[in-house]
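Text of upload_18.cif, listed as mmCIF, C-alpha atoms:
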data_structure
#
loop_
_atom_site.label_atom_id
_atom_site.label_comp_id
_atom_site.auth_asym_id
_atom_site.auth_seq_id
_atom_site.Cartn_x
_atom_site.Cartn_y
_atom_site.Cartn_z
CA MET E 1 114.10 81.53 57.12
CA SER E 2 115.79 84.86 57.72
CA GLU E 3 119.42 85.46 56.83
CA ARG E 4 120.28 85.30 60.50
CA ASP E 5 118.51 81.96 60.96
CA THR E 6 120.39 80.50 58.01
CA HIS E 7 123.75 81.68 59.34
CA MET E 8 122.96 80.44 62.86
CA ALA E 9 121.98 77.02 61.49
CA GLU E 10 125.22 76.80 59.47
CA LEU E 11 127.35 77.87 62.42
CA ARG E 12 125.51 75.48 64.73
CA GLU E 13 126.37 72.64 62.37
CA ILE E 14 130.07 73.58 62.31
CA VAL E 15 130.24 73.87 66.10
CA ALA E 16 128.37 70.59 66.59
CA GLU E 17 130.68 68.73 64.23
CA VAL E 18 133.85 69.97 65.90
CA LEU E 19 132.52 69.40 69.43
CA GLU E 20 131.04 66.04 68.36
CA LEU E 21 127.51 66.88 69.40
CA GLU E 22 124.19 66.79 67.61
CA PRO E 23 123.27 70.27 66.28
CA GLU E 24 120.20 70.40 68.55
CA GLU E 25 122.48 69.90 71.57
CA VAL E 26 124.26 73.21 70.89
CA ALA E 27 122.31 75.89 72.73
CA ASP E 28 122.68 79.50 71.52
CA THR E 29 124.30 80.86 74.65
CA ALA E 30 125.90 77.76 76.21
CA ASP E 31 129.60 78.26 77.01
CA PHE E 32 131.72 75.89 74.89
CA VAL E 33 134.34 75.45 77.59
CA GLU E 34 132.03 75.02 80.57
CA GLU E 35 129.21 73.10 78.91
CA TYR E 36 131.02 71.03 76.28
CA GLU E 37 134.60 70.63 77.59
CA ALA E 38 136.01 72.49 74.59
CA ASP E 39 139.63 73.68 74.70
CA SER E 40 141.63 76.25 72.77
CA LEU E 41 142.36 73.79 69.94
CA ARG E 42 138.65 73.14 69.42
CA ALA E 43 138.13 76.90 69.22
CA ILE E 44 140.84 77.09 66.54
CA GLU E 45 139.22 74.23 64.65
CA ILE E 46 135.85 76.00 64.72
CA LEU E 47 137.52 79.18 63.54
CA ALA E 48 139.36 77.35 60.75
CA ARG E 49 136.13 75.90 59.40
CA ILE E 50 134.41 79.26 59.55
CA GLU E 51 137.28 81.00 57.74
CA LYS E 52 137.19 78.34 55.05
CA LYS E 53 133.44 78.32 54.59
CA TYR E 54 132.87 82.07 54.54
CA LYS E 55 136.26 83.10 53.11
CA VAL E 56 136.81 85.54 55.96
CA GLU E 57 139.82 86.17 58.14
CA ILE E 58 139.15 86.56 61.83
CA PRO E 59 141.88 88.07 64.03
CA GLN E 60 143.32 85.88 66.77
CA ALA E 61 142.21 88.43 69.39
CA GLU E 62 138.58 87.49 68.69
CA LEU E 63 139.22 83.84 69.58
CA ASN E 64 138.66 84.38 73.29
CA GLU E 65 135.29 85.96 72.60
CA MET E 66 133.98 83.04 70.58
CA ARG E 67 132.77 81.04 73.56
CA SER E 68 129.18 80.42 72.57
CA LEU E 69 127.24 80.02 69.35
CA LYS E 70 125.70 83.48 69.74
CA ALA E 71 129.13 85.03 70.35
CA VAL E 72 130.57 83.20 67.33
CA HIS E 73 127.76 84.58 65.18
CA GLU E 74 128.43 88.13 66.37
CA VAL E 75 132.14 87.89 65.63
CA VAL E 76 131.66 86.34 62.20
CA ALA E 77 128.91 88.80 61.29
CA ARG E 78 131.24 91.68 62.11
CA HIS E 79 134.08 90.36 59.95
CA ALA E 80 132.00 88.96 57.10
CA GLY E 81 129.88 92.10 56.85
CA TRP E 82 126.61 90.27 57.54
CA GLN E 83 123.63 92.56 58.15
CA ASP E 84 121.98 89.99 60.50
CA MET V 1 135.25 38.80 82.38
CA THR V 2 132.52 37.85 79.97
CA ALA V 3 133.03 38.47 76.30
CA ALA V 4 129.87 38.96 74.30
CA PRO V 5 128.91 36.02 72.08
CA ALA V 6 129.56 37.83 68.78
CA PHE V 7 133.26 38.05 69.63
CA SER V 8 135.68 35.18 70.06
CA ALA V 9 137.70 34.76 73.22
CA ALA V 10 140.10 37.49 74.22
CA THR V 11 143.87 37.01 73.93
CA ARG V 12 146.63 38.09 76.29
CA PRO V 13 148.31 41.48 75.64
CA ALA V 14 151.70 39.85 74.98
CA ASP V 15 150.15 37.51 72.40
CA THR V 16 148.58 40.49 70.66
CA TYR V 17 151.96 42.21 70.32
CA GLU V 18 153.61 39.07 68.92
CA ALA V 19 150.76 38.28 66.53
CA ALA V 20 151.50 41.05 64.02
CA ALA V 21 153.86 43.88 63.12
CA ALA V 22 153.64 46.58 65.80
CA PRO V 23 155.90 49.46 66.87
CA LEU V 24 155.69 48.53 70.55
CA PRO V 25 153.81 46.40 73.06
CA ALA V 26 151.17 49.07 73.57
CA ILE V 27 149.04 47.52 76.33
CA GLU V 28 149.96 46.08 79.70
CA TRP V 29 146.50 44.90 80.69
CA VAL V 30 142.99 44.62 79.26
CA GLU V 31 139.63 44.02 80.94
CA VAL V 32 136.58 43.10 78.91
CA SER V 33 132.93 43.08 79.89
CA ALA V 34 129.65 42.73 78.05
CA GLY V 35 128.40 46.01 76.60
CA PRO V 36 125.04 47.12 75.21
CA ARG V 37 123.45 45.52 72.12
CA GLY V 38 125.86 42.60 71.93
CA GLY V 39 128.95 44.81 71.95
CA ILE V 40 131.65 44.86 74.60
CA SER V 41 133.18 47.42 76.93
CA LEU V 42 136.91 47.37 77.41
CA ARG V 43 139.41 49.01 79.68
CA ALA V 44 143.12 48.81 78.94
CA GLY V 45 146.25 50.51 80.13
CA THR V 46 149.92 51.10 79.47
CA THR V 47 152.85 53.12 80.80
CA VAL V 48 155.04 55.31 78.60
CA ASP V 49 158.54 53.79 78.64
CA ALA V 50 161.36 56.05 77.46
CA ALA V 51 163.46 52.92 76.76
CA ASP V 52 161.09 51.81 74.00
CA VAL V 53 162.96 51.71 70.70
CA TYR V 54 160.53 53.94 68.76
CA LEU V 55 160.15 56.44 71.59
CA ALA V 56 163.93 57.02 71.54
CA GLY V 57 163.29 58.80 68.23
CA HIS V 58 160.20 60.68 69.43
CA PHE V 59 161.94 62.72 70.49
CA PRO V 60 165.63 62.54 71.49
CA GLU V 61 165.26 65.73 73.55
CA LEU V 62 161.95 64.80 75.20
CA THR V 63 160.00 61.53 75.23
CA VAL V 64 156.44 62.20 74.07
CA TYR V 65 154.04 59.31 73.41
CA PRO V 66 152.91 60.08 69.85
CA GLY V 67 149.20 60.47 69.13
CA VAL V 68 149.50 57.56 66.70
CA PHE V 69 150.74 55.36 69.55
CA THR V 70 147.57 56.17 71.45
CA LEU V 71 145.85 54.76 68.34
CA GLU V 72 148.20 51.75 68.58
CA THR V 73 147.22 51.23 72.23
CA ILE V 74 143.54 51.35 71.29
CA GLY V 75 144.15 48.99 68.35
CA GLN V 76 145.99 46.41 70.44
CA ALA V 77 143.34 46.66 73.17
CA VAL V 78 140.62 46.05 70.58
CA THR V 79 142.52 43.12 69.05
CA SER V 80 143.16 41.62 72.45
CA ALA V 81 139.52 42.05 73.45
CA VAL V 82 137.77 40.78 70.33
CA GLY V 83 140.22 38.13 69.16
CA TYR V 84 140.58 36.88 65.62
CA CYS V 85 138.05 36.09 62.94
CA ALA V 86 138.96 33.09 60.78
CA GLY V 87 142.57 33.64 61.83
CA ARG V 88 142.60 37.29 60.79
CA LEU V 89 143.13 40.30 63.03
CA PRO V 90 140.74 43.25 63.04
CA GLN V 91 142.25 46.26 61.26
CA LEU V 92 141.67 49.97 61.66
CA HIS V 93 139.57 50.88 58.64
CA ARG V 94 138.21 54.36 59.24
CA LEU V 95 139.30 56.99 61.72
CA ARG V 96 136.17 59.11 62.05
CA SER V 97 137.80 61.45 64.52
CA ALA V 98 140.75 61.51 66.86
CA ARG V 99 141.62 64.27 69.29
CA PHE V 100 144.80 64.37 71.29
CA LEU V 101 144.29 66.79 74.15
CA ALA V 102 147.23 66.38 76.52
CA PRO V 103 150.79 65.10 76.09
CA LEU V 104 151.87 61.76 77.57
CA LEU V 105 155.46 61.80 78.79
CA ALA V 106 157.85 59.12 80.07
CA GLY V 107 156.38 57.41 83.13
CA ASP V 108 152.81 58.57 82.44
CA THR V 109 150.12 55.93 82.43
CA LEU V 110 147.40 55.85 79.82
CA THR V 111 144.03 54.23 80.48
CA VAL V 112 141.65 53.52 77.59
CA GLU V 113 137.93 53.07 78.15
CA ALA V 114 136.14 52.01 75.00
CA SER V 115 132.85 50.71 73.77
CA VAL V 116 133.28 48.19 70.97
CA GLY V 117 130.75 46.79 68.54
CA PRO V 118 128.36 45.20 67.90
CA VAL V 119 129.69 43.61 64.70
CA GLY V 120 127.87 44.52 61.49
CA ASP V 121 127.09 42.25 58.55
CA ASP V 122 130.20 43.46 56.73
CA GLN V 123 132.45 42.30 59.62
CA SER V 124 133.02 45.89 60.76
CA PHE V 125 132.40 47.41 64.17
CA ASP V 126 132.59 50.84 65.80
CA VAL V 127 135.01 51.75 68.55
CA ALA V 128 134.52 54.84 70.73
CA ALA V 129 137.42 55.38 73.10
CA ARG V 130 138.19 57.87 75.82
CA CYS V 131 141.77 57.99 77.08
CA VAL V 132 142.81 59.31 80.46
CA ARG V 133 146.31 60.10 81.75
CA GLY V 134 147.48 58.91 85.17
CA ASP V 135 146.74 62.28 86.80
CA GLY V 136 143.13 62.11 85.61
CA VAL V 137 143.58 64.50 82.67
CA HIS V 138 141.52 63.64 79.58
CA ALA V 139 144.25 62.79 77.05
CA ALA V 140 142.40 61.70 73.90
CA THR V 141 139.09 60.82 72.30
CA VAL V 142 138.92 58.50 69.31
CA ARG V 143 136.01 57.27 67.20
CA ALA V 144 136.91 54.64 64.64
CA VAL V 145 135.68 51.72 62.57
CA TYR V 146 137.60 48.45 62.65
CA ARG V 147 137.00 45.47 60.43
CA TRP V 148 138.27 42.03 59.69
CA PRO V 149 139.71 42.28 56.20
CA SER V 150 138.54 39.94 53.47
CA ALA V 151 140.77 36.98 52.55
CA ASP V 152 142.53 38.90 49.74
CA GLY V 153 144.00 41.31 52.30
CA GLY V 154 142.05 44.37 51.17
CA THR V 155 140.02 46.36 53.65
CA ALA V 156 138.04 48.36 51.10
CA MET T 1 162.25 71.17 44.89
CA ARG T 2 163.47 67.85 46.21
CA LEU T 3 164.59 67.13 49.78
CA GLU T 4 166.99 64.29 50.56
CA HIS T 5 166.92 62.41 53.82
CA GLY T 6 169.53 64.61 55.49
CA GLU T 7 167.45 67.69 54.80
CA LEU T 8 164.42 66.03 56.37
CA ARG T 9 166.47 65.50 59.51
CA THR T 10 167.18 69.21 59.73
CA LEU T 11 163.46 70.02 59.38
CA LEU T 12 161.92 67.34 61.61
CA PRO T 13 162.86 66.58 65.22
CA HIS T 14 161.94 62.90 64.70
CA ARG T 15 164.83 60.43 64.66
CA TYR T 16 165.44 56.75 63.95
CA PRO T 17 163.31 54.67 64.00
CA MET T 18 160.52 57.24 64.22
CA LEU T 19 161.61 59.37 61.25
CA LEU T 20 159.21 57.76 58.81
CA LEU T 21 160.01 59.58 55.58
CA ASP T 22 162.88 58.77 53.23
CA ARG T 23 162.71 61.61 50.76
CA VAL T 24 160.53 64.40 49.47
CA ASP T 25 160.31 64.26 45.68
CA SER T 26 158.54 67.53 45.06
CA VAL T 27 157.20 70.34 47.13
CA GLU T 28 155.49 73.64 46.60
CA PRO T 29 155.99 75.20 50.05
CA GLY T 30 152.75 75.94 51.81
CA VAL T 31 150.71 74.22 49.09
CA SER T 32 151.51 70.57 48.39
CA LEU T 33 154.17 67.91 48.63
CA GLU T 34 154.94 64.39 47.46
CA ALA T 35 156.99 62.29 49.85
CA VAL T 36 158.35 58.75 49.74
CA LYS T 37 158.54 56.14 52.49
CA ALA T 38 160.00 52.70 51.68
CA VAL T 39 158.80 49.98 54.03
CA THR T 40 161.33 47.27 54.88
CA GLY T 41 161.32 44.16 57.02
CA CYS T 42 164.33 45.65 58.83
CA GLU T 43 162.16 48.16 60.69
CA PRO T 44 161.87 47.48 64.42
CA CYS T 45 158.09 47.01 64.12
CA TYR T 46 158.90 43.59 62.62
CA SER T 47 161.23 42.54 65.44
CA GLY T 48 158.61 41.40 67.96
CA ILE T 49 156.49 39.30 65.64
CA ALA T 50 156.38 35.59 66.52
CA GLU T 51 157.70 32.96 64.10
CA GLY T 52 155.29 31.30 61.72
CA GLN T 53 152.63 34.00 61.50
CA ALA T 54 150.34 34.24 58.48
CA PRO T 55 151.38 36.61 55.65
CA ASP T 56 148.75 39.24 56.53
CA ARG T 57 150.34 39.73 59.96
CA TYR T 58 153.27 41.51 58.28
CA ALA T 59 151.06 44.42 57.24
CA TYR T 60 152.73 47.73 58.10
CA PRO T 61 151.10 49.10 61.28
CA ALA T 62 148.35 51.66 60.62
CA SER T 63 149.78 53.85 63.37
CA LEU T 64 153.11 54.18 61.53
CA LEU T 65 151.47 54.76 58.15
CA ILE T 66 149.44 57.63 59.63
CA GLU T 67 152.54 59.02 61.36
CA SER T 68 154.48 58.86 58.09
CA PHE T 69 151.80 60.86 56.28
CA GLY T 70 151.68 63.28 59.20
CA GLN T 71 155.43 63.84 58.92
CA GLY T 72 154.94 64.73 55.26
CA ALA T 73 152.35 67.29 56.35
CA ALA T 74 154.76 68.60 58.99
CA VAL T 75 157.56 69.06 56.42
CA LEU T 76 155.20 70.92 54.10
CA TRP T 77 154.08 73.23 56.89
CA LEU T 78 157.53 73.78 58.44
CA LEU T 79 158.99 74.74 55.04
CA SER T 80 156.37 77.46 54.70
CA ARG T 81 157.03 78.75 58.23
CA GLY T 82 160.55 79.68 57.31
CA PRO T 83 163.64 79.66 59.55
CA GLY T 84 163.53 80.25 63.27
CA THR T 85 160.82 77.70 63.99
CA THR T 86 161.56 75.97 67.25
CA GLY T 87 159.55 73.34 69.01
CA LEU T 88 158.02 69.95 68.43
CA PRO T 89 155.16 69.36 66.01
CA MET T 90 152.24 67.80 67.87
CA PHE T 91 149.50 65.86 66.10
CA THR T 92 146.34 67.19 67.76
CA ALA T 93 143.41 65.92 65.70
CA ALA T 94 142.37 63.84 62.70
CA ARG T 95 139.11 63.44 60.90
CA ASP T 96 137.78 61.07 58.24
CA CYS T 97 140.89 59.04 57.49
CA VAL T 98 140.33 55.76 55.65
CA LEU T 99 142.77 52.89 55.28
CA LEU T 100 142.02 51.12 52.04
CA ARG T 101 144.72 48.48 51.58
CA GLN T 102 147.50 46.89 53.60
CA VAL T 103 151.14 47.84 52.99
CA TYR T 104 153.91 45.24 53.23
CA PRO T 105 157.73 45.16 53.40
CA GLY T 106 159.05 45.98 49.93
CA ASP T 107 156.27 48.46 49.23
CA VAL T 108 157.18 52.08 48.54
CA ILE T 109 154.55 54.47 49.86
CA ARG T 110 154.03 57.83 48.17
CA HIS T 111 152.22 60.44 50.24
CA ARG T 112 150.46 63.24 48.39
CA VAL T 113 149.88 65.97 50.94
CA ARG T 114 148.01 69.27 50.61
CA LEU T 115 148.22 72.02 53.20
CA GLU T 116 144.62 73.15 53.47
CA GLN T 117 144.79 75.92 56.05
CA VAL T 118 147.04 77.49 58.64
CA VAL T 119 144.97 79.22 61.30
CA HIS T 120 146.47 80.86 64.38
CA GLY T 121 149.41 78.51 64.67
CA ALA T 122 147.52 75.34 63.76
CA ALA T 123 147.97 73.58 60.41
CA PHE T 124 145.34 71.49 58.63
CA ALA T 125 146.48 69.01 55.97
CA ALA T 126 144.75 66.47 53.76
CA GLY T 127 145.74 64.01 51.07
CA SER T 128 146.28 60.39 50.15
CA SER T 129 148.88 57.63 50.20
CA TRP T 130 149.69 55.32 47.33
CA VAL T 131 151.65 52.16 46.57
CA GLY T 132 152.15 52.13 42.81
CA THR T 133 148.73 52.84 41.33
CA ASP T 134 146.85 51.54 44.39
CA GLN T 135 145.55 54.06 46.87
CA VAL T 136 146.26 52.76 50.37
CA ALA T 137 144.85 55.61 52.46
CA GLU T 138 142.79 58.80 52.29
CA PHE T 139 143.30 61.54 54.86
CA GLY T 140 140.34 63.90 55.24
CA SER T 141 141.91 66.27 57.73
CA MET T 142 144.94 66.17 60.00
CA MET T 143 145.58 69.00 62.47
CA ALA T 144 148.90 69.84 64.11
CA VAL T 145 150.47 72.56 66.21
CA VAL T 146 154.09 73.31 67.14
CA ARG T 147 154.85 73.53 70.86
CA PRO T 148 158.16 74.34 72.56
CA ALA T 149 159.60 71.25 74.27
CA ASP T 150 159.71 72.94 77.68
CA ALA T 151 156.03 73.88 77.39
CA ILE T 152 155.17 70.23 76.69
CA ALA T 153 157.32 69.01 79.56
CA GLU T 154 155.77 71.46 81.99
CA ARG T 155 152.81 69.68 83.52
CA LYS T 156 149.78 71.78 84.42
CA ARG T 157 148.35 70.55 87.70
#

Structure rendered as structure tokens:
Amino acid sequence: MSERDTHMAELREIVAEVLELEPEEVADTADFVEEYEADSLRAIEILARIEKKYKVEIPQAELNEMRSLKAVHEVVARHAGWQD
Amino acid sequence: MTAAPAFSAATRPADTYEAAAAPLPAIEWVEVSAGPRGGISLRAGTTVDAADVYLAGHFPELTVYPGVFTLETIGQAVTSAVGYCAGRLPQLHRLRSARFLAPLLAGDTLTVEASVGPVGDDQSFDVAARCVRGDGVHAATVRAVYRWPSADGGTA
Amino acid sequence: MRLEHGELRTLLPHRYPMLLLDRVDSVEPGVSLEAVKAVTGCEPCYSGIAEGQAPDRYAYPASLLIESFGQGAAVLWLLSRGPGTTGLPMFTAARDCVLLRQVYPGDVIRHRVRLEQVVHGAAFAAGSSWVGTDQVAEFGSMMAVVRPADAIAERKR
């Protein structure tokens, strides 16, 4: 498993838990709001778990961008310095 | 109304409120039908009443039905639907997750739709509830485990 | 630091009979807190109960126990936010909370609350509640936000 695959799997698990889905139900590019009825509080909860797990701080401005698993990965990678 | 065999007969909402300590009568009506695998499906509703004694303190400047009262509504609906077990009421044991998505203000109605059970060997059962406000807005989602406590009063 | 009841009233917008904390015995703002709630048979939740019910029917309602813990979490968070905070704390989510034992009139509940995270205006708290040496509840995660009253009252349609 590449570094990217590991991170994606971890993030998928976080997203699935907050949105109360099975990890395999979270598609890479599916829009959280449109596909899974997520709201801004769910986005904050996802962010909170990510900040705790990876000990990173992600600016509030990025919150609007984090609308799919792939987008979440890109934002976290940028702030956590991942070379994925 | 047909309650599934694993549950005893349903009680009236008013009886449920009088049967145990409760902050308010939290359901006006309950409907019960047979659900999958020996469980039941329930629908229940209430209206937020600013004159309720606890709501006067939550808050004096604006009546907001607290998230925990949505739990109370679900709990009383479950109690009313499943009845007692050897004289004991089912108790909330584990709140797996609760999400409160939209505020309920004075005059708002709250409708609970929940799947309940089936009952496990340890006298516990799952409840998955979706709560909708009068204007159709999704107000809350709750997943919980209820159980009939053992005779010594513990729920552990 | 210890907070008496009057100080709790200045921090929390909750009022009788929904102000479900009596005192805060110790607090490290933004980190942890220990709060006390004495349960009495005088509380209105005991007023509607029919005569002649079995002893277990006098158990303190789970909804109020959870609210009481949540108010401890709110105090801990509001203290760390400093002055100028306006609005009503709203309980928005909970996860993995377990009720272990019933609480009865005469019991004194002690909430041990930790503030786990504050992320973009949302607070996450965890902890446990005790009566004497018995743990009565475990709270995995409780999430709250503060919203101005007029924003709550304004209905999006």

> How many Å separate CA of Glu113 (chain V) from CA of Arg88 (chain V)?
Replying inline: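 Atom-to-atom, CA of Glu113 (chain V) and CA of Arg88 (chain V) are spaced 23.9 Å apart.
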
Do you know which residues the PyMOL selection byres ((chain T) within 12 of (chain E)) returns on this file, as a PDB file with C-alpha atoms, keeping the file's coordinate frame?
ATOM      1  CA  MET T  90     152.240  67.800  67.870  1.00  0.00           C
ATOM      2  CA  PHE T  91     149.500  65.860  66.100  1.00  0.00           C
ATOM      3  CA  THR T  92     146.340  67.190  67.760  1.00  0.00           C
ATOM      4  CA  ALA T  93     143.410  65.920  65.700  1.00  0.00           C
ATOM      5  CA  ALA T  94     142.370  63.840  62.700  1.00  0.00           C
ATOM      6  CA  ARG T  95     139.110  63.440  60.900  1.00  0.00           C
ATOM      7  CA  GLU T 116     144.620  73.150  53.470  1.00  0.00           C
ATOM      8  CA  GLN T 117     144.790  75.920  56.050  1.00  0.00           C
ATOM      9  CA  VAL T 118     147.040  77.490  58.640  1.00  0.00           C
ATOM     10  CA  VAL T 119     144.970  79.220  61.300  1.00  0.00           C
ATOM     11  CA  HIS T 120     146.470  80.860  64.380  1.00  0.00           C
ATOM     12  CA  GLY T 121     149.410  78.510  64.670  1.00  0.00           C
ATOM     13  CA  ALA T 122     147.520  75.340  63.760  1.00  0.00           C
ATOM     14  CA  ALA T 123     147.970  73.580  60.410  1.00  0.00           C
ATOM     15  CA  PHE T 124     145.340  71.490  58.630  1.00  0.00           C
ATOM     16  CA  ALA T 125     146.480  69.010  55.970  1.00  0.00           C
ATOM     17  CA  SER T 141     141.910  66.270  57.730  1.00  0.00           C
ATOM     18  CA  MET T 142     144.940  66.170  60.000  1.00  0.00           C
ATOM     19  CA  MET T 143     145.580  69.000  62.470  1.00  0.00           C
ATOM     20  CA  ALA T 144     148.900  69.840  64.110  1.00  0.00           C
ATOM     21  CA  VAL T 145     150.470  72.560  66.210  1.00  0.00           C
TER      22      VAL T 145
END

>> Show me, as JSON, numbers by chain, the residues of chain V whose atoms get within 9 Å of chain T, using all atoms listed in the file for the distance check.
In response: {"V": [15, 17, 18, 19, 20, 21, 22, 23, 24, 25, 53, 54, 55, 56, 57, 58, 59, 60, 61, 62, 64, 66, 67, 68, 69, 70, 71, 72, 75, 87, 88, 89, 91, 92, 93, 94, 95, 96, 97, 98, 99, 100, 101, 102, 103, 105, 135, 153, 154, 155, 156]}

Please produce a file of those selected residues containing C-alpha atoms, as a JSON list (two decimals), in the coordinates of the input.
[["chain", "number", "residue", "atom", "x", "y", "z"],
["V", 15, "ASP", "CA", 150.15, 37.51, 72.40],
["V", 17, "TYR", "CA", 151.96, 42.21, 70.32],
["V", 18, "GLU", "CA", 153.61, 39.07, 68.92],
["V", 19, "ALA", "CA", 150.76, 38.28, 66.53],
["V", 20, "ALA", "CA", 151.50, 41.05, 64.02],
["V", 21, "ALA", "CA", 153.86, 43.88, 63.12],
["V", 22, "ALA", "CA", 153.64, 46.58, 65.80],
["V", 23, "PRO", "CA", 155.90, 49.46, 66.87],
["V", 24, "LEU", "CA", 155.69, 48.53, 70.55],
["V", 25, "PRO", "CA", 153.81, 46.40, 73.06],
["V", 53, "VAL", "CA", 162.96, 51.71, 70.70],
["V", 54, "TYR", "CA", 160.53, 53.94, 68.76],
["V", 55, "LEU", "CA", 160.15, 56.44, 71.59],
["V", 56, "ALA", "CA", 163.93, 57.02, 71.54],
["V", 57, "GLY", "CA", 163.29, 58.80, 68.23],
["V", 58, "HIS", "CA", 160.20, 60.68, 69.43],
["V", 59, "PHE", "CA", 161.94, 62.72, 70.49],
["V", 60, "PRO", "CA", 165.63, 62.54, 71.49],
["V", 61, "GLU", "CA", 165.26, 65.73, 73.55],
["V", 62, "LEU", "CA", 161.95, 64.80, 75.20],
["V", 64, "VAL", "CA", 156.44, 62.20, 74.07],
["V", 66, "PRO", "CA", 152.91, 60.08, 69.85],
["V", 67, "GLY", "CA", 149.20, 60.47, 69.13],
["V", 68, "VAL", "CA", 149.50, 57.56, 66.70],
["V", 69, "PHE", "CA", 150.74, 55.36, 69.55],
["V", 70, "THR", "CA", 147.57, 56.17, 71.45],
["V", 71, "LEU", "CA", 145.85, 54.76, 68.34],
["V", 72, "GLU", "CA", 148.20, 51.75, 68.58],
["V", 75, "GLY", "CA", 144.15, 48.99, 68.35],
["V", 87, "GLY", "CA", 142.57, 33.64, 61.83],
["V", 88, "ARG", "CA", 142.60, 37.29, 60.79],
["V", 89, "LEU", "CA", 143.13, 40.30, 63.03],
["V", 91, "GLN", "CA", 142.25, 46.26, 61.26],
["V", 92, "LEU", "CA", 141.67, 49.97, 61.66],
["V", 93, "HIS", "CA", 139.57, 50.88, 58.64],
["V", 94, "ARG", "CA", 138.21, 54.36, 59.24],
["V", 95, "LEU", "CA", 139.30, 56.99, 61.72],
["V", 96, "ARG", "CA", 136.17, 59.11, 62.05],
["V", 97, "SER", "CA", 137.80, 61.45, 64.52],
["V", 98, "ALA", "CA", 140.75, 61.51, 66.86],
["V", 99, "ARG", "CA", 141.62, 64.27, 69.29],
["V", 100, "PHE", "CA", 144.80, 64.37, 71.29],
["V", 101, "LEU", "CA", 144.29, 66.79, 74.15],
["V", 102, "ALA", "CA", 147.23, 66.38, 76.52],
["V", 103, "PRO", "CA", 150.79, 65.10, 76.09],
["V", 105, "LEU", "CA", 155.46, 61.80, 78.79],
["V", 135, "ASP", "CA", 146.74, 62.28, 86.80],
["V", 153, "GLY", "CA", 144.00, 41.31, 52.30],
["V", 154, "GLY", "CA", 142.05, 44.37, 51.17],
["V", 155, "THR", "CA", 140.02, 46.36, 53.65],
["V", 156, "ALA", "CA", 138.04, 48.36, 51.10]]

>> Rounded to one decimal, what separation in Å do you get between CA of Gly35 (chain V) and CA of Arg133 (chain V)?
In response: 23.4 Å

Please evaluate the PyMOL selection byres ((chain E and resi 15) around 10) against the structure above and give the resulting residues as a PDB file with C-alpha atoms, keeping the file's coordinate frame.
ATOM      1  CA  ALA E   9     121.980  77.020  61.490  1.00  0.00           C
ATOM      2  CA  GLU E  10     125.220  76.800  59.470  1.00  0.00           C
ATOM      3  CA  LEU E  11     127.350  77.870  62.420  1.00  0.00           C
ATOM      4  CA  ARG E  12     125.510  75.480  64.730  1.00  0.00           C
ATOM      5  CA  GLU E  13     126.370  72.640  62.370  1.00  0.00           C
ATOM      6  CA  ILE E  14     130.070  73.580  62.310  1.00  0.00           C
ATOM      7  CA  ALA E  16     128.370  70.590  66.590  1.00  0.00           C
ATOM      8  CA  GLU E  17     130.680  68.730  64.230  1.00  0.00           C
ATOM      9  CA  VAL E  18     133.850  69.970  65.900  1.00  0.00           C
ATOM     10  CA  LEU E  19     132.520  69.400  69.430  1.00  0.00           C
ATOM     11  CA  GLU E  20     131.040  66.040  68.360  1.00  0.00           C
ATOM     12  CA  LEU E  21     127.510  66.880  69.400  1.00  0.00           C
ATOM     13  CA  GLU E  22     124.190  66.790  67.610  1.00  0.00           C
ATOM     14  CA  PRO E  23     123.270  70.270  66.280  1.00  0.00           C
ATOM     15  CA  VAL E  26     124.260  73.210  70.890  1.00  0.00           C
ATOM     16  CA  PHE E  32     131.720  75.890  74.890  1.00  0.00           C
ATOM     17  CA  ARG E  42     138.650  73.140  69.420  1.00  0.00           C
ATOM     18  CA  ALA E  43     138.130  76.900  69.220  1.00  0.00           C
ATOM     19  CA  GLU E  45     139.220  74.230  64.650  1.00  0.00           C
ATOM     20  CA  ILE E  46     135.850  76.000  64.720  1.00  0.00           C
ATOM     21  CA  LEU E  47     137.520  79.180  63.540  1.00  0.00           C
ATOM     22  CA  ARG E  49     136.130  75.900  59.400  1.00  0.00           C
ATOM     23  CA  ILE E  50     134.410  79.260  59.550  1.00  0.00           C
ATOM     24  CA  SER E  68     129.180  80.420  72.570  1.00  0.00           C
ATOM     25  CA  LEU E  69     127.240  80.020  69.350  1.00  0.00           C
ATOM     26  CA  VAL E  72     130.570  83.200  67.330  1.00  0.00           C
TER      27      VAL E  72
END

> E:Met8, E:Met1, E:Asp31, E:Ser40: which is nearest chain V, counting only C-alpha atoms?
Replying inline: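 Closest to chain V, using only C-alpha atoms: E:Ser40.
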
> CA of Glu74 (chain E) to CA of Leu115 (chain T): how many Å, to one decimal?
Replying inline: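 That distance, rounded to one decimal, is 28.7 Å.
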
>> Report as a list in words all protein, DNA and RNA residues lying within 12 Å of Gly132 (chain T), evaluated on all atoms listed in the file, omitting residues in the same chain fewer than 4 positions from it.
In response: Val36, Ala38, Val103, Gly106, Asp107, Val108, Ile109, Arg110, His111 and Val136 of chain T

> Looking at all atoms listed in the file, which of V:Arg37, V:Ser80, V:Ala86, V:Ala14 is the one that sits closest to Val119 (chain V)?
Replying inline: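 Closest to Val119 (chain V) of all the choices is V:Arg37.
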
>> Once the PyMOL selection byres ((chain V and resi 111) around 8) has been evaluated on this model, what residues remain selected, and can you format them as a ChimeraX atom specification?
In response: /V:43-46,109-110,112-113,131-134

> Which residues come within 6 Å of region 3-7 of chain T, counting only C-alpha atoms, excluding same-chain residues fewer than 4 positions away, as number ranges by chain?
Replying inline: T: 22-24

> For chain V, which of E:Ala61, E:Ala38, E:Val56, E:Val75 is the closest residue, counting all atoms listed in the file?
Replying inline: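 Closest to chain V of all the choices is E:Ala38.
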